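Worksheet: one structure, shown below.
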Amino acid sequence: MDSVSSVSQHASAVELYEGELFVLLPCEFPTFELDSPTVVWSRSDLSPPTVHQLQGDELKDPNQRYSGRTSMKTDALETGDLSLNLTNLHLSDSATYTCSVTSFRLRDVPLQVKEPFPSWATALLVLLVLLDTVEALQALFSTLVFSPEGWSTGTVQAPAVS
């Protein structure tokens with residue numbers, strides 16, 4: 001069992017936007033080799049630190065801010081897929097989550113929840129691109145001159161007034 005206690009996996013940060021429906025924080029471990037394993041997802045910066053705890057078929061009391069927002073597959077303890085499904089993401093969910101089984105710390109998963117790019121900013125960018133395009137077209141057409149010989153570039157001469 002000593003080889004199991006040294007298992008440690010580190011993930012690169014998971015980045016999502018606030019308001020997204022869910023994120024699946026990955027964690028795998030052969031829990032079927034253990035007697036009565038307890039799976040705990042936690043955040044060390046919270047009190048209490050438990051985000052989700054599964055012991056047998058029971059979900060133990062998580063931190064109140066995660067109430068009703070976490071789940072794991074129903075066969076997690078049989079398959080070893082201990083991934084945590086976190087729903088209705090908030091900016092305050094940004095943290096490092098730790099997956100542990102019984103007394104083995106398995107994996108730290110950094111999660112970064114960002115503010116979504118505001119729709120007004122997208123509209124502003126589109127408007128700026130369009131204005132830039134219009135100015136470029138105006139500059140191009142202001143130099144085109146039509147004469148009996150055809151189109152050419154140059155300046156438009158106003159007819160002389162007598």
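Letters A, B, ... go to the chains of the structure tokens in the order shown; residues in each chain start at 1; ligands are counted from 1 in the same order.
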Just the helix (DSSP H, G or I) stuff from stretch 9-141 of chain A, please, per backbone DSSP, written as a PDB file with N, CA, C and O atoms, in the first residue's frame.
ATOM      1  N   THR A  31     -10.087   3.008  -6.480  1.00  0.00           N
ATOM      2  CA  THR A  31     -10.716   2.923  -5.156  1.00  0.00           C
ATOM      3  C   THR A  31     -11.277   1.535  -4.871  1.00  0.00           C
ATOM      4  O   THR A  31     -11.471   1.185  -3.708  1.00  0.00           O
ATOM      5  N   PHE A  32     -11.521   0.749  -5.910  1.00  0.00           N
ATOM      6  CA  PHE A  32     -12.076  -0.597  -5.721  1.00  0.00           C
ATOM      7  C   PHE A  32     -11.084  -1.504  -4.988  1.00  0.00           C
ATOM      8  O   PHE A  32     -11.444  -2.561  -4.500  1.00  0.00           O
ATOM      9  N   GLU A  33      -9.826  -1.085  -4.871  1.00  0.00           N
ATOM     10  CA  GLU A  33      -8.822  -1.866  -4.144  1.00  0.00           C
ATOM     11  C   GLU A  33      -8.847  -1.556  -2.646  1.00  0.00           C
ATOM     12  O   GLU A  33      -8.150  -2.196  -1.866  1.00  0.00           O
ATOM     13  N   GLN A  64     -21.257  25.206   2.646  1.00  0.00           N
ATOM     14  CA  GLN A  64     -22.569  25.724   2.236  1.00  0.00           C
ATOM     15  C   GLN A  64     -22.563  26.346   0.833  1.00  0.00           C
ATOM     16  O   GLN A  64     -23.531  26.236   0.104  1.00  0.00           O
ATOM     17  N   ARG A  65     -21.460  26.991   0.438  1.00  0.00           N
ATOM     18  CA  ARG A  65     -21.429  27.647  -0.876  1.00  0.00           C
ATOM     19  C   ARG A  65     -21.501  26.649  -2.033  1.00  0.00           C
ATOM     20  O   ARG A  65     -21.752  27.030  -3.158  1.00  0.00           O
ATOM     21  N   TYR A  66     -21.276  25.359  -1.754  1.00  0.00           N
ATOM     22  CA  TYR A  66     -21.335  24.342  -2.803  1.00  0.00           C
ATOM     23  C   TYR A  66     -22.586  23.475  -2.714  1.00  0.00           C
ATOM     24  O   TYR A  66     -22.763  22.552  -3.500  1.00  0.00           O
ATOM     25  N   ALA A  76     -18.663   5.979  -9.106  1.00  0.00           N
ATOM     26  CA  ALA A  76     -17.299   6.496  -8.939  1.00  0.00           C
ATOM     27  C   ALA A  76     -16.404   5.556  -8.134  1.00  0.00           C
ATOM     28  O   ALA A  76     -15.261   5.297  -8.511  1.00  0.00           O
ATOM     29  N   LEU A  77     -16.914   5.025  -7.034  1.00  0.00           N
ATOM     30  CA  LEU A  77     -16.092   4.165  -6.186  1.00  0.00           C
ATOM     31  C   LEU A  77     -15.798   2.814  -6.837  1.00  0.00           C
ATOM     32  O   LEU A  77     -14.777   2.197  -6.549  1.00  0.00           O
ATOM     33  N   GLU A  78     -16.669   2.379  -7.749  1.00  0.00           N
ATOM     34  CA  GLU A  78     -16.440   1.112  -8.448  1.00  0.00           C
ATOM     35  C   GLU A  78     -15.478   1.284  -9.627  1.00  0.00           C
ATOM     36  O   GLU A  78     -14.675   0.402  -9.922  1.00  0.00           O
ATOM     37  N   THR A  79     -15.553   2.435 -10.316  1.00  0.00           N
ATOM     38  CA  THR A  79     -14.743   2.636 -11.525  1.00  0.00           C
ATOM     39  C   THR A  79     -13.423   3.359 -11.254  1.00  0.00           C
ATOM     40  O   THR A  79     -12.495   3.273 -12.049  1.00  0.00           O
ATOM     41  N   LEU A  91     -17.273  33.503  -9.864  1.00  0.00           N
ATOM     42  CA  LEU A  91     -15.894  33.983  -9.749  1.00  0.00           C
ATOM     43  C   LEU A  91     -15.246  33.470  -8.463  1.00  0.00           C
ATOM     44  O   LEU A  91     -14.067  33.129  -8.445  1.00  0.00           O
ATOM     45  N   SER A  92     -16.028  33.365  -7.407  1.00  0.00           N
ATOM     46  CA  SER A  92     -15.499  32.902  -6.123  1.00  0.00           C
ATOM     47  C   SER A  92     -15.119  31.421  -6.125  1.00  0.00           C
ATOM     48  O   SER A  92     -14.520  30.930  -5.175  1.00  0.00           O
ATOM     49  N   ASP A  93     -15.451  30.694  -7.200  1.00  0.00           N
ATOM     50  CA  ASP A  93     -15.060  29.284  -7.312  1.00  0.00           C
ATOM     51  C   ASP A  93     -13.601  29.136  -7.728  1.00  0.00           C
ATOM     52  O   ASP A  93     -13.059  28.032  -7.700  1.00  0.00           O
ATOM     53  N   SER A 119     -20.858  41.797 -23.723  1.00  0.00           N
ATOM     54  CA  SER A 119     -21.390  41.933 -25.084  1.00  0.00           C
ATOM     55  C   SER A 119     -21.206  43.349 -25.608  1.00  0.00           C
ATOM     56  O   SER A 119     -20.998  43.551 -26.802  1.00  0.00           O
ATOM     57  N   TRP A 120     -21.234  44.356 -24.723  1.00  0.00           N
ATOM     58  CA  TRP A 120     -21.046  45.733 -25.191  1.00  0.00           C
ATOM     59  C   TRP A 120     -19.628  45.916 -25.721  1.00  0.00           C
ATOM     60  O   TRP A 120     -19.409  46.670 -26.664  1.00  0.00           O
ATOM     61  N   ALA A 121     -18.663  45.223 -25.133  1.00  0.00           N
ATOM     62  CA  ALA A 121     -17.282  45.347 -25.598  1.00  0.00           C
ATOM     63  C   ALA A 121     -17.122  44.695 -26.970  1.00  0.00           C
ATOM     64  O   ALA A 121     -16.404  45.207 -27.830  1.00  0.00           O
ATOM     65  N   THR A 122     -17.799  43.571 -27.185  1.00  0.00           N
ATOM     66  CA  THR A 122     -17.769  42.921 -28.488  1.00  0.00           C
ATOM     67  C   THR A 122     -18.374  43.845 -29.544  1.00  0.00           C
ATOM     68  O   THR A 122     -17.820  44.013 -30.628  1.00  0.00           O
ATOM     69  N   ALA A 123     -19.513  44.459 -29.219  1.00  0.00           N
ATOM     70  CA  ALA A 123     -20.165  45.378 -30.155  1.00  0.00           C
ATOM     71  C   ALA A 123     -19.259  46.569 -30.457  1.00  0.00           C
ATOM     72  O   ALA A 123     -19.169  47.021 -31.608  1.00  0.00           O
ATOM     73  N   LEU A 124     -18.575  47.082 -29.449  1.00  0.00           N
ATOM     74  CA  LEU A 124     -17.662  48.203 -29.645  1.00  0.00           C
ATOM     75  C   LEU A 124     -16.512  47.815 -30.575  1.00  0.00           C
ATOM     76  O   LEU A 124     -16.143  48.581 -31.469  1.00  0.00           O
ATOM     77  N   LEU A 125     -15.950  46.627 -30.393  1.00  0.00           N
ATOM     78  CA  LEU A 125     -14.869  46.176 -31.269  1.00  0.00           C
ATOM     79  C   LEU A 125     -15.338  46.055 -32.718  1.00  0.00           C
ATOM     80  O   LEU A 125     -14.635  46.456 -33.645  1.00  0.00           O
ATOM     81  N   VAL A 126     -16.530  45.508 -32.918  1.00  0.00           N
ATOM     82  CA  VAL A 126     -17.079  45.380 -34.273  1.00  0.00           C
ATOM     83  C   VAL A 126     -17.270  46.768 -34.883  1.00  0.00           C
ATOM     84  O   VAL A 126     -16.920  47.009 -36.044  1.00  0.00           O
ATOM     85  N   LEU A 127     -17.795  47.717 -34.111  1.00  0.00           N
ATOM     86  CA  LEU A 127     -18.013  49.081 -34.593  1.00  0.00           C
ATOM     87  C   LEU A 127     -16.692  49.739 -34.981  1.00  0.00           C
ATOM     88  O   LEU A 127     -16.594  50.393 -36.033  1.00  0.00           O
ATOM     89  N   LEU A 128     -15.660  49.568 -34.155  1.00  0.00           N
ATOM     90  CA  LEU A 128     -14.352  50.147 -34.469  1.00  0.00           C
ATOM     91  C   LEU A 128     -13.767  49.567 -35.749  1.00  0.00           C
ATOM     92  O   LEU A 128     -13.198  50.297 -36.573  1.00  0.00           O
ATOM     93  N   VAL A 129     -13.922  48.273 -35.962  1.00  0.00           N
ATOM     94  CA  VAL A 129     -13.436  47.645 -37.196  1.00  0.00           C
ATOM     95  C   VAL A 129     -14.196  48.204 -38.397  1.00  0.00           C
ATOM     96  O   VAL A 129     -13.602  48.516 -39.433  1.00  0.00           O
ATOM     97  N   LEU A 130     -15.525  48.353 -38.263  1.00  0.00           N
ATOM     98  CA  LEU A 130     -16.325  48.890 -39.363  1.00  0.00           C
ATOM     99  C   LEU A 130     -15.945  50.339 -39.681  1.00  0.00           C
ATOM    100  O   LEU A 130     -15.829  50.710 -40.846  1.00  0.00           O
ATOM    101  N   LEU A 131     -15.744  51.158 -38.645  1.00  0.00           N
ATOM    102  CA  LEU A 131     -15.357  52.549 -38.866  1.00  0.00           C
ATOM    103  C   LEU A 131     -14.005  52.644 -39.555  1.00  0.00           C
ATOM    104  O   LEU A 131     -13.804  53.470 -40.463  1.00  0.00           O
ATOM    105  N   ASP A 132     -13.077  51.789 -39.146  1.00  0.00           N
ATOM    106  CA  ASP A 132     -11.757  51.759 -39.763  1.00  0.00           C
ATOM    107  C   ASP A 132     -11.867  51.368 -41.240  1.00  0.00           C
ATOM    108  O   ASP A 132     -11.215  51.953 -42.097  1.00  0.00           O
ATOM    109  N   THR A 133     -12.746  50.419 -41.538  1.00  0.00           N
ATOM    110  CA  THR A 133     -12.962  49.982 -42.920  1.00  0.00           C
ATOM    111  C   THR A 133     -13.583  51.101 -43.751  1.00  0.00           C
ATOM    112  O   THR A 133     -13.178  51.348 -44.893  1.00  0.00           O
ATOM    113  N   VAL A 134     -14.568  51.802 -43.188  1.00  0.00           N
ATOM    114  CA  VAL A 134     -15.214  52.907 -43.903  1.00  0.00           C
ATOM    115  C   VAL A 134     -14.204  54.010 -44.204  1.00  0.00           C
ATOM    116  O   VAL A 134     -14.159  54.553 -45.308  1.00  0.00           O
ATOM    117  N   GLU A 135     -13.363  54.350 -43.223  1.00  0.00           N
ATOM    118  CA  GLU A 135     -12.346  55.380 -43.447  1.00  0.00           C
ATOM    119  C   GLU A 135     -11.372  54.968 -44.545  1.00  0.00           C
ATOM    120  O   GLU A 135     -10.985  55.783 -45.379  1.00  0.00           O
ATOM    121  N   ALA A 136     -11.006  53.701 -44.564  1.00  0.00           N
ATOM    122  CA  ALA A 136     -10.085  53.218 -45.597  1.00  0.00           C
ATOM    123  C   ALA A 136     -10.740  53.307 -46.971  1.00  0.00           C
ATOM    124  O   ALA A 136     -10.102  53.708 -47.958  1.00  0.00           O
ATOM    125  N   LEU A 137     -12.022  52.967 -47.056  1.00  0.00           N
ATOM    126  CA  LEU A 137     -12.733  53.051 -48.340  1.00  0.00           C
ATOM    127  C   LEU A 137     -12.892  54.501 -48.786  1.00  0.00           C
ATOM    128  O   LEU A 137     -12.743  54.820 -49.974  1.00  0.00           O
ATOM    129  N   GLN A 138     -13.174  55.397 -47.845  1.00  0.00           N
ATOM    130  CA  GLN A 138     -13.294  56.813 -48.190  1.00  0.00           C
ATOM    131  C   GLN A 138     -11.965  57.343 -48.728  1.00  0.00           C
ATOM    132  O   GLN A 138     -11.938  58.093 -49.698  1.00  0.00           O
ATOM    133  N   ALA A 139     -10.891  56.969 -48.096  1.00  0.00           N
ATOM    134  CA  ALA A 139      -9.571  57.411 -48.553  1.00  0.00           C
ATOM    135  C   ALA A 139      -9.289  56.889 -49.955  1.00  0.00           C
ATOM    136  O   ALA A 139      -8.773  57.608 -50.819  1.00  0.00           O
ATOM    137  N   LEU A 140      -9.665  55.641 -50.226  1.00  0.00           N
ATOM    138  CA  LEU A 140      -9.434  55.052 -51.543  1.00  0.00           C
ATOM    139  C   LEU A 140     -10.273  55.769 -52.607  1.00  0.00           C
ATOM    140  O   LEU A 140      -9.760  56.170 -53.651  1.00  0.00           O
ATOM    141  N   PHE A 141     -11.574  55.939 -52.336  1.00  0.00           N
ATOM    142  CA  PHE A 141     -12.450  56.543 -53.337  1.00  0.00           C
ATOM    143  C   PHE A 141     -12.204  58.036 -53.517  1.00  0.00           C
ATOM    144  O   PHE A 141     -12.508  58.586 -54.568  1.00  0.00           O
TER     145      PHE A 141
END
For A:Leu111: contacts at 9 Å, only C-alpha atoms, fewer than 6 positions along chain excluded, given as a PyMOL selection string: chain A and resi 12-16+25+93-97
Any chance you could export the current selection's C-alpha atoms as a compact mmCIF listing (two decimals), in the first residue's frame?
# COMPACT_ATOMS: atom_id res chain seq x y z
CA SER A 12 -2.60 22.61 -15.38
CA ALA A 13 -5.20 25.26 -14.56
CA VAL A 14 -8.73 24.83 -15.85
CA GLU A 15 -10.05 28.19 -17.12
CA LEU A 16 -13.74 28.92 -17.65
CA LEU A 25 -12.46 18.51 -12.34
CA ASP A 93 -15.06 29.28 -7.31
CA SER A 94 -11.54 30.17 -8.52
CA ALA A 95 -9.16 28.16 -6.33
CA THR A 96 -7.13 24.97 -6.17
CA TYR A 97 -9.27 21.92 -5.50
List as a short mmCIF file (atom, residue, chain, number, x, y, z; two decimals) with N, CA, C and O atoms, in the first residue's frame the protein and nucleic acid residues near stretch 41-44 of chain A, meaning an atom at most 9 Å away when only C-alpha atoms are counted, but skip any in the same chain fewer than 6 places from it.
data_model
loop_
_atom_site.label_atom_id
_atom_site.label_comp_id
_atom_site.auth_asym_id
_atom_site.auth_seq_id
_atom_site.Cartn_x
_atom_site.Cartn_y
_atom_site.Cartn_z
N THR A 50 -14.35 21.23 3.02
CA THR A 50 -14.95 20.19 2.17
C THR A 50 -15.89 20.79 1.13
O THR A 50 -16.83 21.50 1.47
N VAL A 51 -15.62 20.47 -0.13
CA VAL A 51 -16.47 20.87 -1.25
C VAL A 51 -17.45 19.75 -1.55
O VAL A 51 -18.62 19.97 -1.83
N HIS A 52 -16.95 18.49 -1.50
CA HIS A 52 -17.77 17.32 -1.78
C HIS A 52 -17.12 16.13 -1.10
O HIS A 52 -15.90 15.95 -1.19
N GLN A 53 -17.91 15.33 -0.40
CA GLN A 53 -17.37 14.14 0.25
C GLN A 53 -18.30 12.97 -0.01
O GLN A 53 -19.50 13.08 0.21
N LEU A 54 -17.73 11.88 -0.49
CA LEU A 54 -18.50 10.68 -0.79
C LEU A 54 -17.95 9.52 0.03
O LEU A 54 -16.77 9.20 -0.05
N PRO A 62 -21.22 19.30 2.61
CA PRO A 62 -20.17 20.12 2.01
C PRO A 62 -20.23 21.54 2.57
O PRO A 62 -21.15 21.89 3.30
N LEU A 84 -15.00 15.49 -10.23
CA LEU A 84 -16.05 16.28 -9.59
C LEU A 84 -16.72 17.18 -10.62
O LEU A 84 -16.05 17.91 -11.36
N ALA A 95 -10.00 28.66 -7.42
CA ALA A 95 -9.16 28.16 -6.33
C ALA A 95 -8.50 26.86 -6.78
O ALA A 95 -8.76 26.38 -7.88
N THR A 96 -7.69 26.29 -5.92
CA THR A 96 -7.13 24.97 -6.17
C THR A 96 -7.94 23.96 -5.38
O THR A 96 -8.09 24.09 -4.17
N TYR A 97 -8.46 22.97 -6.09
CA TYR A 97 -9.27 21.92 -5.50
C TYR A 97 -8.41 20.67 -5.34
O TYR A 97 -7.65 20.32 -6.24
N THR A 98 -8.54 20.01 -4.20
CA THR A 98 -7.75 18.82 -3.92
C THR A 98 -8.66 17.61 -3.83
O THR A 98 -9.66 17.62 -3.12
N CYS A 99 -8.28 16.58 -4.59
CA CYS A 99 -8.99 15.30 -4.58
C CYS A 99 -8.20 14.35 -3.69
O CYS A 99 -7.00 14.14 -3.91
N SER A 100 -8.87 13.78 -2.68
CA SER A 100 -8.22 12.84 -1.76
C SER A 100 -9.10 11.60 -1.61
O SER A 100 -10.32 11.69 -1.66
N VAL A 101 -8.44 10.47 -1.40
CA VAL A 101 -9.16 9.23 -1.11
C VAL A 101 -8.63 8.73 0.22
O VAL A 101 -7.42 8.52 0.37
#
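In terms of minimum interatomic distance to A:Val39, A:Gln55 ranks closest within A:Thr70, A:Ser83, A:Gln55, A:Asn63, counting only C-alpha atoms.
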Please determine, counting only C-alpha atoms, which residue among A:Gly56, A:Pro48, A:Pro37, A:Pro110 has the shortest atom-to-atom distance to A:Val23. A:Pro110
What parts of stretch 5-108 of chain A does DSSP call strand (DSSP E)? I'd like the answer as number ranges by chain. A: 9-10, 14-17, 22-25, 38-42, 50-55, 58-59, 70-71, 84-87, 95-101, 104-108
Work out how far apart atom CA of A:Thr87 and atom CA of A:Glu115 are and give it in Å to one decimal.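 So the two atoms, atom CA of A:Thr87 and atom CA of A:Glu115, lie 15.8 Å apart.
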Have a look at atom CA of A:Leu59 and atom CA of A:Asp35 and let me know their distance in Å, one decimal.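 Taking atom CA of A:Leu59 and atom CA of A:Asp35, their separation equals 17.4 Å.
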Would you mind reading off the distance between atom CA of A:Leu89 and atom CA of A:Cys27, one decimal, in Å?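 Distance between the two atoms: 19.1 Å.
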